[in-house]
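Report on the structure given below.
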Amino acid sequence: MAAVSSSKVVTVTVNGVEHEREVEARKLLIHLIRDDLDLTGTHIGCDTGNCGACSVIVDGVLVKSCMMLAVQADGAVIETVEGLADGGELTALQQAFGANHALQCGYCTPGMLMSATALLRTNPSPTEEQIKKALQGNICRCTGYWNIFEAVKAAAGSEA
Amino acid sequence: MLLREVGYAKPSSVADALAVLAGQDGARALAGGQTLINVMKARAASPDVLVDLNAIEALKGIELAADGTLSIGPMTTCAEIIDSAEAKARPILGEVCAQIADVQVRNRGTIGGNICANDPTNHLPPLLTAIGAQMTIAGSAGERVVPAEEFFVGVYLTAVGPAELLTRITIPAGRHDGFASVTLGVDGTCIANAAASAGGSLRIALGCVDSVPVLLTPDGVGSVRAAVRGAGLDPPADVHASAEYRLHLAEVLAVRAAQQALERR
């Protein structure tokens with residue numbers, strides 16, 4: 001019978017680096033990422049799974065890391081916002097966010113970047129409707145979204 | 001937020017999962033977590049043990065039989081249903097799944113989790129009721145099949161008992177379907193919804209108006225409004241809609257869903 005335990009050693013590969021940590025079963029993935037691994041680029045905005053500021057890519061799939069337990073990510077390959085830029089070089093998407101004023105306070109931005117990155121991987125030339133649908137799970141209080149859509153369009157246009 | 005301390009198991013078979021559910025007090029199945037994790041954050045419910053179903057291959061996958069019958073594993077995510085070639089045999093499934101929340105939630109949220117949660121505002125309970133789905137439930141006594149109209153028992157309550165698991169959702173072929181809703185924002189929570197399925201008979205299932213989907217079988221689209229009015233509904237009132245408005249929406253959406261279903265025949 002499968003073992004029941006209140007804590008577990010999990011191994012995760014985050015932005016290409018493997019980490020092993022013992023975590024309580026009740027720990028959310030967002031807290032493993034932020035508190036145990038010191039990757040504070042991923043944000044907690046609402047804690048209820050609505051705002052998407054906690055969005056990361058787990059085994060190639062976009063998820064809200066506050067809606068997953070850390071133990072569920074054992075063995076997973078995780079990408080966070082810190083892993084987008086290559087060395088010091090920002091991705092076309094990140095540059096487009098800057099050029100198109102797609103952030104003000106920046107709190108939603110990591111989540112927006114991960115969601116848009118996930119979109120452009122499977123749909124390199126999205127329509128505006130597709131961009132809106134892809135970013136449905138990410139809430140922004142500052143920008144009114146328009147410049148975010150423009151930035152994603154610009155990145156789609158420029159990415160090879 | 002800090003969840004209450006909890007035990008965790010990740011079985012790799014249905015039998016193993018059933019053993020843990022039966023053997024551990026306060027054990028609860030964890031599917032995609034898109035409902036349960038939130039519930040646990042708010043401590044509205046705090047299971048003592050979580051039985052993670054994500055490693056059980058037997059609960060996944062979509063099969064399309066030669067006669068058009070669809071067999072869906074409950075751990076199939078909404079995203080997988082949307083992308084599935086087999087599920088396109090029944091286009092309403094992907095169309096409705098695409099209306100649920102957002103990409104992130106659809107990537108983890110499962111069809112089994114959605115129907116076993118049986119929140120009165122969920123999309124899939126009325127949809128599966130209208131299309132006549134059959135649910136296979138496994139427990140210590142073996143397997144049994146429960147039709148959708150008997151599966152949904154009360155708010156957050158289904159025919160799946162504490163030491164049981166939903167293992168298959170079977171959808172018969174030969175029908176065409178519709179779905180209509182009024183939501184809080186695009187792809188938001190439903191204020192009212194209705195699913196319809198045509199093919200010989202017309203079946204309409206109303207969500208949001210009672211603790212479980214309400215199944216109606218009017219003669220045709222002309223009898224839909226009368227069927228809704230004659231169903232003795234007493235919908236809840238809340239900040240989003242009065243009882244009267246919800247009842248009105250139920251009628252309108254039932255007609256829209258029925259028209260969609262009949263247009264697709």
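Residue names in the structure tokens use chain letters A, B, ... in the order shown, residue numbers from 1 in each chain, and ligand numbers from 1 in the order shown.
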Counting only C-alpha atoms, which residues of chain A sit at most 10 Å from some atom of chain B, and what is each one's closest atom pair with its distance in Å to one decimal, listed by chain and rising residue number, as a tab-separated table?
```
residue	atom	partner	partner_atom	distance
A:Met1	CA	B:Asp16	CA	5.6
A:Ala2	CA	B:Pro11	CA	5.1
A:Ala3	CA	B:Ala9	CA	5.7
A:Val4	CA	B:Ala9	CA	4.6
A:Ser5	CA	B:Gly7	CA	5.0
A:Ser6	CA	B:Gly7	CA	4.1
A:Ser7	CA	B:Gly7	CA	7.4
A:Lys8	CA	B:Tyr8	CA	8.6
A:Glu24	CA	B:Glu5	CA	7.8
A:Ala25	CA	B:Tyr8	CA	6.0
A:Arg26	CA	B:Leu3	CA	5.6
A:Lys27	CA	B:Leu3	CA	7.3
A:Leu28	CA	B:Leu2	CA	8.3
A:His31	CA	B:Met1	CA	9.3
A:Ile44	CA	B:Met1	CA	9.7
A:Cys46	CA	B:Met1	CA	9.7
A:Asp47	CA	B:Met1	CA	6.5
A:Thr48	CA	B:Asn38	CA	6.0
A:Gly49	CA	B:Asn38	CA	7.3
A:Asn50	CA	B:Ala101	CA	8.9
A:Gly52	CA	B:Gln104	CA	8.1
A:Ser55	CA	B:Gln104	CA	7.7
A:Val56	CA	B:Gln104	CA	9.2
A:Ile57	CA	B:Gln104	CA	9.5
A:Val61	CA	B:Asn107	CA	6.9
A:Leu62	CA	B:Gln104	CA	5.5
A:Val63	CA	B:Gln104	CA	4.5
A:Lys64	CA	B:Gln104	CA	5.9
A:Ser65	CA	B:Gln104	CA	9.4
A:Cys66	CA	B:Ile37	CA	8.5
A:Met67	CA	B:Ile37	CA	5.9
A:Met68	CA	B:Gly33	CA	6.6
A:Leu69	CA	B:Ile37	CA	8.1
A:Val71	CA	B:Tyr8	CA	8.4
A:Gln72	CA	B:Asp52	CA	8.0
A:Ser115	CA	B:Gln104	CA	8.5
A:Ala118	CA	B:Val103	CA	9.9
A:Leu119	CA	B:Val103	CA	9.6
A:Lys133	CA	B:Asp102	CA	7.4
A:Ala134	CA	B:Val103	CA	6.2
A:Leu135	CA	B:Val103	CA	7.8
A:Gln136	CA	B:Asp102	CA	5.4
A:Gly137	CA	B:Asp102	CA	4.9
A:Asn138	CA	B:Asp102	CA	8.7
```
Requested in this report: Considering only C-alpha atoms, return as number ranges by chain whatever protein or nucleic-acid residues lie within 8 Å of segment 82-94 of chain B, sequence-local ones (same chain, fewer than 2 positions apart) excluded.
Outcome: B: 62-64, 68, 70, 78-80, 96-98, 176-179
Query raised in the report: Counting only C-alpha atoms, which of B:Leu59, B:Ala66, B:Val155, B:Ala29 gets nearest to Thr136 of chain B?
Result: B:Leu59
Query raised in the report: Running DSSP on the backbone, which parts of chain A land in strand (DSSP E), as a PyMOL selection string?
Result: chain A and resi 7-14+17-24+55-58+61-64+77-79
Query - Residues within 10 Å of His19 of chain A, only C-alpha atoms, excluding chain neighbours under 5 positions, as a PyMOL selection string - result: chain A and resi 10-14+36-37+75
Those same residues, written as an mmCIF file, in the first residue's frame with C-alpha atoms?
```cif
data_model
loop_
_atom_site.group_PDB
_atom_site.id
_atom_site.type_symbol
_atom_site.label_atom_id
_atom_site.label_comp_id
_atom_site.auth_asym_id
_atom_site.auth_seq_id
_atom_site.Cartn_x
_atom_site.Cartn_y
_atom_site.Cartn_z
ATOM 1 C CA VAL A 10 11.004 16.332 -3.105
ATOM 2 C CA THR A 11 13.415 16.816 -5.965
ATOM 3 C CA VAL A 12 12.656 19.600 -8.431
ATOM 4 C CA THR A 13 14.656 21.002 -11.307
ATOM 5 C CA VAL A 14 14.029 24.740 -11.406
ATOM 6 C CA ASP A 36 12.833 27.315 0.266
ATOM 7 C CA LEU A 37 14.474 28.125 -3.051
ATOM 8 C CA GLY A 75 10.430 15.029 -10.000
#
```
**Report entry** For segment 109-122 of chain B: contacts at 7 Å, only C-alpha atoms, fewer than 2 positions along chain excluded, given as a list of chain:residue names
**Finding:**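 Counting only C-alpha atoms, the residues come to B:Ala31, B:Gly32, B:Gly33, B:Gln34, B:Pro74, B:Met75, B:Thr76, B:Thr77, B:Cys78, B:Val105, B:Arg106, B:Asn107, B:Leu124, B:Pro125, B:Phe152, B:Val155, B:Tyr156, B:Leu157, B:Thr158, B:Thr189, B:Cys190, B:Ile191, B:Gly207, B:Cys208, B:Asp210, B:Ser211, B:Val212.
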Query raised in the report: What separation in Å, quoted to one decimal, exists between atom CA of Ile204 of chain B and atom CA of Ala159 of chain B?
Result: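 Separation between atom CA of Ile204 of chain B and atom CA of Ala159 of chain B: 21.0 Å.
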Query raised in the report: DSSP says helix (DSSP H, G or I) for which residues of segment 147-263 of chain B? Put them as a PyMOL selection string?
Result: chain B and resi 148-151+221-229+243-263
Requested in this report: Quick one: pull the distance between atom CA of Gln134 of chain B and atom CA of Pro147 of chain B, Å, one decimal.
Outcome: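 Computing the Euclidean distance for atom CA of Gln134 of chain B and atom CA of Pro147 of chain B yields 4.4 Å.
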